[in-house]
Every structure is written in structure tokens, then in C-alpha cells.
Amino acid sequence: MLMADAAGTRLPLAVWILTRTALLLCVFKVVTFPGPDVTTDVSVIYQGWYETLSSGTFPLDDVTWQYPPAAALAILSPAVVPLLGYASAFFVLAALCDAVVLALLLHAGGRPGATRRGAWMWVGGVALLGPTAYARYDLMVTAVAVAALVAGARRPRMLGVLAGLGAMLKVWPVLLLLGLPRGRATRRSWAAAAATAAGLTLLFVAAMPGALAFLTSQRDRGTEIESLGALVFHGARHVGWDGRVALNYGSVEFLGPYVPLVSTLAMVLGAGALGWLVLWRLRAREFGPSTVCDAAFTAVLLFTTTSRVISPQYMIWLVGLAAVCLTFRACRMTLPAWLVLAACAMTVLEFPVYFALVVESDPLGVLLLAVRNGLLVAATVTACVRLWRHTVHEPGSHGSPPLRPAPDKELLSS
């Protein structure tokens, strides 16, 4: 048994070392990865923010700064690595966070009733995304989210604290709280999250001007060319649509006739997703051990797919949450997780490998994008159906209701 357990740890670790060595060779430019240089976000944008933040203020005049105040911690973090330049230190920290996530998933997968499929999901998903995974701070945020879900299985207050911290890094980790069962322990978890978020916000507001500028920084965004709605304009360009592609608010977007309409429809879909999640929360009756992870994965899928922007780094969030779901032997999100993994393989092709073709709305580029977005839609719908089916017990439905899990003593005593 011990030998099997050791083998189950060593093999994913060995593959992680091989694949991450390859990623580091790419971001350090020892090996040239096809497509545009994905590291310029770090060496140019992040480093510029670093210099501004180091002076004691947020980048008030930079429309590309669209993040909650604690994002400053991620941007400033390379300062703790001695002897390395900014970009090199950032890549090293990204690799360290990657290793932490793997360790958490291997630990979670070794628990009774668990599996190490989640570790394999993480190893494969990040590798498939290519060097982009190490050239964005989203991996750091995902590490916080994974830690919250793994630790929160036994310590709901810790889940709340880490979810609050994650929300102040990039908002979406607040969704980790959605699937907590009703009760005193959950109220404490939510209170811990609110206190952490409020405390960090007050700290940054008091210390640095512009901490809340992110709240209005995306009002005039267009439709990013990799989003679901962008497929409309990729097709329209071939029949005479009078619009253009431009760098806007830090991403490549469509600008022109009907873009505001499609952007508004995307926001309506996002509001619909929020409404569905609220309805699910009100109707859910069966909260099992994996419900917190399943709900978080489903919610992030919903908001990612309906967003005006589906940047490649968003896939890191989904890979991390899918990996935690897969640590449960009785995982209900297996199919959506594999669909996300397939979407990662398509993502690296549409960005950065063939991104020039996507920008030009070339048929091959559009096909890659359509397949990636189609996989995300399929994963989202499947996850929603499975979450509803396994947690909402309809009165008067035929068949036996799902088994209600025994209360977790540690959760109830927290």
C-alpha cells in the first residue's frame, strides 16, 4: 500500500518536473515558443506597474490596471527574490506557486475516498496552456483558491480567509463560498471572507491612492476577439462588416458597429448566470463533500463563458478548480473537467501559436477559437446540469432522493 502510494506521488511529480522545465525554458527564452512573445506582459506591463506601485500609488493613469487592490501584492512579489531581475523573479515565483498547487492536490488526493486524478489534471492542464501560464499572475491567484478549497474541507474559517484574499487579488475566488452548506459554520466562513476583504481594502485605501479605481476601469470595454460574442464579428468581417480590431483596455478587441450591442448581450448573459446561481443556491438541498468545489467550478465556468473577455489565462482558474473536483473519487464534474482540458489544448493553438490568424479572422484561426469556445459552452452546460441534478431534490420527483452525507464533525465544531 505504501509503495503504491509513493508511486502515485512520484509519477505525477516526475511529469511535472519535465513539463515545467520546458515552460521555464520557454519563458526564459532558451527555447522559442511559436507565436507572439507572451512574456511582455511581465517584462513591460507588470514591471511598469511595479515601478508605479513601489512609489506608493496605484497606476491611476493606466487603463490596463483593472484589478482589486491586493493585486498589488502579486505585482510587487518579485521584490522578495534576490539577485534576479523583475521578469526572472516573477517566473520563479510562478513556478513555486505551481509546485504548491501540485503539493496540495497530491495531499488532498491521498485522503480516504480521494484520488490523485486532480494532480494529473493540474500537471496536464498547465502544461497544455504553454508559457502563458507562467507569464500571468493568474497562477498565483489560482494557488490561493486551491489552497482555500483543500484547507476549507476541514477548516471553514480558513476557506473564508483565503477566499477573501483571493477576491481582493482577482474577484472570482469569492465564488468559492457559493457551495457551502447552510449553517453556523458557513456563516462564520462568509464572515471571515468579508472581514478579510474589508480589512485589505481599508488597508490599501488608507495607504495608497487609487485603490478602488478598478471598479470603473472596464466600463468602455469592447468585445475581446477570443470571447464567445466575438465569433459574430469574425464571421461578419467576411461579409463586409465595417469594424476593426484594436488594442483596447489591454486586450485585442473588436470595435465598431454592433459591438456595444453584443457586449451588452454578454453582460445580460452574465446577469442570467448570476440569477441561475442564486436560484440554485435557494433550491439546493443536498450538500455533499464535493459540493463546494463543484459549485465553484460551475460558477467560474458560467462567468468565464459569458464574459466579454476570455483571455487564455482564465483557463488556469478552470484547471485549478477542476483539479480539486477530481480529487474526489465520486467526482460529479469528470466530464466538464475533461472538456476544460481539451479546451486548454485548443487555447494554446489559438493563443499564442496561431493568434495572428485569429486577429485576421482567418478561417483556421476562427475554427480553433470556435472549437475552444464550444468546448467551454459544453463544459458549462454539463456542469450546470450535474450540479442541479445532484443537489436539488425536486418535491414529488420519482425515485429515491440523493443520500445526505453525514455531518462533518470538524465543520460543525468550527
# chains A, B, ... in the order shown; residues from 1 in each chain; ligands from 1

$ residues_around --residues "range 292-294 of chain A" --least-positions-apart "6" --cutoff "8 Å" --atoms "only C-alpha atoms" --output "number ranges by chain"
A: 149, 176-180, 321, 324-325, 332-333, 383, 387

$ write_last_selection --atoms "C-alpha atoms" --output "compact mmCIF listing (two decimals), in the first residue's frame"
# COMPACT_ATOMS: atom_id res chain seq x y z
CA LEU A 149 -10.73 24.58 -1.13
CA LEU A 176 -15.62 29.58 -3.65
CA LEU A 177 -18.13 30.42 -0.92
CA LEU A 178 -21.18 29.67 -3.06
CA GLY A 179 -21.49 25.95 -2.35
CA LEU A 180 -21.04 25.92 1.42
CA LEU A 321 -10.91 24.23 -9.79
CA VAL A 324 -9.80 19.98 -6.91
CA CYS A 325 -13.12 18.48 -8.07
CA ARG A 332 -19.55 14.61 -10.48
CA MET A 333 -17.59 17.00 -12.68
CA ALA A 383 -21.56 21.25 -15.11
CA LEU A 387 -24.73 20.37 -10.10

$ residues_around --residues "Leu11 in chain A" --least-positions-apart "6" --cutoff "12 Å" --atoms "only C-alpha atoms" --output "VMD selection string"
chain A and resid 4 to 5 17 to 18 106 116 to 117 119 to 120 123

$ residues_around --residues "Thr115 in chain A" --least-positions-apart "6" --cutoff "8 Å" --atoms "only C-alpha atoms" --output "list in words"
Ala108, Gly109, Leu326, Thr327, Phe328 and Arg329 of chain A

$ atom_distance --atom1 "CA of Pro131 in chain A" --atom2 "CA of Cys26 in chain A"
6.2 Å

$ residues_around --residues "range 389-391 of chain A" --least-positions-apart "2" --cutoff "8 Å" --atoms "only C-alpha atoms" --output "list in words"
Ala284, Arg285, Glu286, Phe287, Thr291, Val385, Arg386, Leu387, His393 and Pro402 of chain A

$ select_by_dssp --residues "range 106-267 of chain A" --states "strand (DSSP E or B)" --output "number ranges by chain"
A: 114, 223-224, 244-248, 251-255

$ write_last_selection --atoms "all heavy atoms" --output "CSV table (one decimal), in the first residue's frame"
chain,number,residue,atom,x,y,z
A,114,ALA,N,-10.4,9.6,-1.7
A,114,ALA,CA,-9.9,10.6,-2.7
A,114,ALA,C,-9.0,9.9,-3.7
A,114,ALA,O,-8.7,8.7,-3.6
A,114,ALA,CB,-9.1,11.7,-2.0
A,223,THR,N,-15.6,44.1,-27.3
A,223,THR,CA,-15.7,42.6,-27.2
A,223,THR,C,-14.4,42.1,-27.6
A,223,THR,O,-13.9,42.3,-28.7
A,223,THR,CB,-16.8,42.1,-28.1
A,223,THR,OG1,-18.1,42.6,-27.7
A,223,THR,CG2,-16.8,40.6,-28.2
A,224,GLU,N,-13.7,41.4,-26.6
A,224,GLU,CA,-12.4,40.8,-26.9
A,224,GLU,C,-12.5,39.7,-28.0
A,224,GLU,O,-13.5,39.0,-28.0
A,224,GLU,CB,-11.8,40.3,-25.6
A,224,GLU,CG,-10.4,40.0,-25.6
A,224,GLU,CD,-10.1,38.5,-25.8
A,224,GLU,OE1,-11.1,37.7,-25.6
A,224,GLU,OE2,-9.0,38.1,-26.1
A,244,ARG,N,-13.3,47.2,-36.8
A,244,ARG,CA,-11.9,47.0,-36.8
A,244,ARG,C,-11.5,46.2,-35.5
A,244,ARG,O,-12.3,46.1,-34.6
A,244,ARG,CB,-11.2,48.3,-36.9
A,244,ARG,CG,-11.5,49.2,-35.7
A,244,ARG,CD,-10.9,50.6,-36.0
A,244,ARG,NE,-11.3,51.6,-34.9
A,244,ARG,CZ,-10.5,51.8,-33.8
A,244,ARG,NH1,-9.3,51.2,-33.7
A,244,ARG,NH2,-10.9,52.7,-32.9
A,245,VAL,N,-10.2,45.7,-35.6
A,245,VAL,CA,-9.6,45.1,-34.4
A,245,VAL,C,-8.6,46.1,-33.9
A,245,VAL,O,-7.8,46.7,-34.6
A,245,VAL,CB,-8.9,43.8,-34.8
A,245,VAL,CG1,-8.1,43.3,-33.7
A,245,VAL,CG2,-10.0,42.8,-35.2
A,246,ALA,N,-8.6,46.3,-32.6
A,246,ALA,CA,-7.6,47.3,-32.0
A,246,ALA,C,-7.3,46.9,-30.6
A,246,ALA,O,-8.0,46.1,-29.9
A,246,ALA,CB,-8.2,48.7,-32.0
A,247,LEU,N,-6.1,47.3,-30.1
A,247,LEU,CA,-5.7,47.1,-28.7
A,247,LEU,C,-6.4,48.1,-27.9
A,247,LEU,O,-6.3,49.3,-28.0
A,247,LEU,CB,-4.2,47.3,-28.6
A,247,LEU,CG,-3.6,47.0,-27.2
A,247,LEU,CD1,-3.8,45.5,-26.8
A,247,LEU,CD2,-2.1,47.3,-27.2
A,248,ASN,N,-7.3,47.6,-27.0
A,248,ASN,CA,-8.2,48.4,-26.2
A,248,ASN,C,-8.3,47.9,-24.8
A,248,ASN,O,-8.6,46.7,-24.6
A,248,ASN,CB,-9.5,48.5,-26.8
A,248,ASN,CG,-10.5,49.5,-26.2
A,248,ASN,OD1,-10.1,50.7,-26.0
A,248,ASN,ND2,-11.7,49.1,-25.9
A,251,SER,N,-6.3,44.5,-24.1
A,251,SER,CA,-6.6,43.3,-24.9
A,251,SER,C,-7.0,43.7,-26.3
A,251,SER,O,-7.3,44.8,-26.6
A,251,SER,CB,-7.6,42.4,-24.2
A,251,SER,OG,-8.9,43.1,-24.2
A,252,VAL,N,-6.9,42.7,-27.2
A,252,VAL,CA,-7.2,43.0,-28.6
A,252,VAL,C,-8.7,42.8,-28.7
A,252,VAL,O,-9.3,41.7,-28.5
A,252,VAL,CB,-6.5,42.0,-29.5
A,252,VAL,CG1,-6.8,42.3,-31.0
A,252,VAL,CG2,-5.0,42.1,-29.3
A,253,GLU,N,-9.4,43.8,-29.1
A,253,GLU,CA,-10.9,43.8,-29.1
A,253,GLU,C,-11.4,44.2,-30.5
A,253,GLU,O,-10.8,44.9,-31.3
A,253,GLU,CB,-11.4,44.8,-28.1
A,253,GLU,CG,-11.0,44.4,-26.6
A,253,GLU,CD,-11.6,45.4,-25.6
A,253,GLU,OE1,-12.2,46.4,-26.0
A,253,GLU,OE2,-11.5,45.1,-24.4
A,254,PHE,N,-12.7,43.9,-30.7
A,254,PHE,CA,-13.4,44.4,-31.8
A,254,PHE,C,-14.1,45.7,-31.4
A,254,PHE,O,-14.6,45.9,-30.4
A,254,PHE,CB,-14.6,43.4,-32.2
A,254,PHE,CG,-14.1,42.2,-33.1
A,254,PHE,CD1,-14.2,40.9,-32.6
A,254,PHE,CD2,-13.5,42.4,-34.3
A,254,PHE,CE1,-13.8,39.9,-33.3
A,254,PHE,CE2,-13.1,41.3,-35.1
A,254,PHE,CZ,-13.2,40.1,-34.6
A,255,LEU,N,-14.0,46.7,-32.3
A,255,LEU,CA,-14.6,48.0,-32.1
A,255,LEU,C,-15.3,48.3,-33.4
A,255,LEU,O,-14.9,48.1,-34.5
A,255,LEU,CB,-13.5,49.1,-31.8
A,255,LEU,CG,-12.6,48.8,-30.6
A,255,LEU,CD1,-11.5,49.9,-30.6
A,255,LEU,CD2,-13.4,48.8,-29.4

$ residues_around --residues "Val309 in chain A" --least-positions-apart "4" --cutoff "10 Å" --atoms "only C-alpha atoms" --output "number ranges by chain"
A: 221-230, 251-253, 263, 266, 304-305, 314

$ residues_around --residues "Trp338 in chain A" --least-positions-apart "4" --cutoff "9 Å" --atoms "only C-alpha atoms" --output "list in words"
Met121, Ala322, Met333, Thr334, Ala342, Ala343 and Ala379 of chain A

$ write_last_selection --atoms "all heavy atoms" --output "PDB file, in the first residue's frame"
ATOM      1  N   MET A 121      -4.661  16.318 -13.523  1.00  0.00           N
ATOM      2  CA  MET A 121      -5.361  17.388 -14.237  1.00  0.00           C
ATOM      3  C   MET A 121      -4.530  18.671 -14.206  1.00  0.00           C
ATOM      4  O   MET A 121      -4.388  19.367 -15.228  1.00  0.00           O
ATOM      5  CB  MET A 121      -6.723  17.643 -13.573  1.00  0.00           C
ATOM      6  CG  MET A 121      -7.519  18.799 -14.170  1.00  0.00           C
ATOM      7  SD  MET A 121      -8.232  18.366 -15.760  1.00  0.00           S
ATOM      8  CE  MET A 121      -8.897  19.963 -16.267  1.00  0.00           C
ATOM      9  N   ALA A 322     -11.137  22.521 -11.518  1.00  0.00           N
ATOM     10  CA  ALA A 322     -11.436  21.171 -11.999  1.00  0.00           C
ATOM     11  C   ALA A 322     -10.551  20.142 -11.301  1.00  0.00           C
ATOM     12  O   ALA A 322     -11.003  19.041 -10.962  1.00  0.00           O
ATOM     13  CB  ALA A 322     -11.243  21.102 -13.513  1.00  0.00           C
ATOM     14  N   MET A 333     -17.999  16.052 -11.647  1.00  0.00           N
ATOM     15  CA  MET A 333     -17.595  17.002 -12.677  1.00  0.00           C
ATOM     16  C   MET A 333     -16.524  16.428 -13.605  1.00  0.00           C
ATOM     17  O   MET A 333     -15.790  17.175 -14.235  1.00  0.00           O
ATOM     18  CB  MET A 333     -17.068  18.280 -12.000  1.00  0.00           C
ATOM     19  CG  MET A 333     -18.130  19.032 -11.222  1.00  0.00           C
ATOM     20  SD  MET A 333     -19.363  19.745 -12.343  1.00  0.00           S
ATOM     21  CE  MET A 333     -20.714  20.051 -11.198  1.00  0.00           C
ATOM     22  N   THR A 334     -16.468  15.113 -13.709  1.00  0.00           N
ATOM     23  CA  THR A 334     -15.425  14.497 -14.522  1.00  0.00           C
ATOM     24  C   THR A 334     -15.508  14.929 -15.984  1.00  0.00           C
ATOM     25  O   THR A 334     -14.510  15.351 -16.584  1.00  0.00           O
ATOM     26  CB  THR A 334     -15.497  12.967 -14.421  1.00  0.00           C
ATOM     27  OG1 THR A 334     -15.353  12.578 -13.051  1.00  0.00           O
ATOM     28  CG2 THR A 334     -14.385  12.322 -15.234  1.00  0.00           C
ATOM     29  N   ALA A 342      -9.522  19.637 -22.750  1.00  0.00           N
ATOM     30  CA  ALA A 342      -9.493  19.726 -24.216  1.00  0.00           C
ATOM     31  C   ALA A 342      -9.475  21.181 -24.670  1.00  0.00           C
ATOM     32  O   ALA A 342      -8.797  21.540 -25.648  1.00  0.00           O
ATOM     33  CB  ALA A 342     -10.701  18.997 -24.805  1.00  0.00           C
ATOM     34  N   ALA A 343     -10.216  22.043 -23.962  1.00  0.00           N
ATOM     35  CA  ALA A 343     -10.229  23.469 -24.299  1.00  0.00           C
ATOM     36  C   ALA A 343      -8.855  24.101 -24.091  1.00  0.00           C
ATOM     37  O   ALA A 343      -8.473  25.026 -24.806  1.00  0.00           O
ATOM     38  CB  ALA A 343     -11.282  24.196 -23.456  1.00  0.00           C
ATOM     39  N   ALA A 379     -18.848  22.343 -21.525  1.00  0.00           N
ATOM     40  CA  ALA A 379     -18.447  22.117 -20.132  1.00  0.00           C
ATOM     41  C   ALA A 379     -19.364  22.856 -19.177  1.00  0.00           C
ATOM     42  O   ALA A 379     -19.767  22.318 -18.132  1.00  0.00           O
ATOM     43  CB  ALA A 379     -17.002  22.565 -19.933  1.00  0.00           C
TER      44      ALA A 379
END
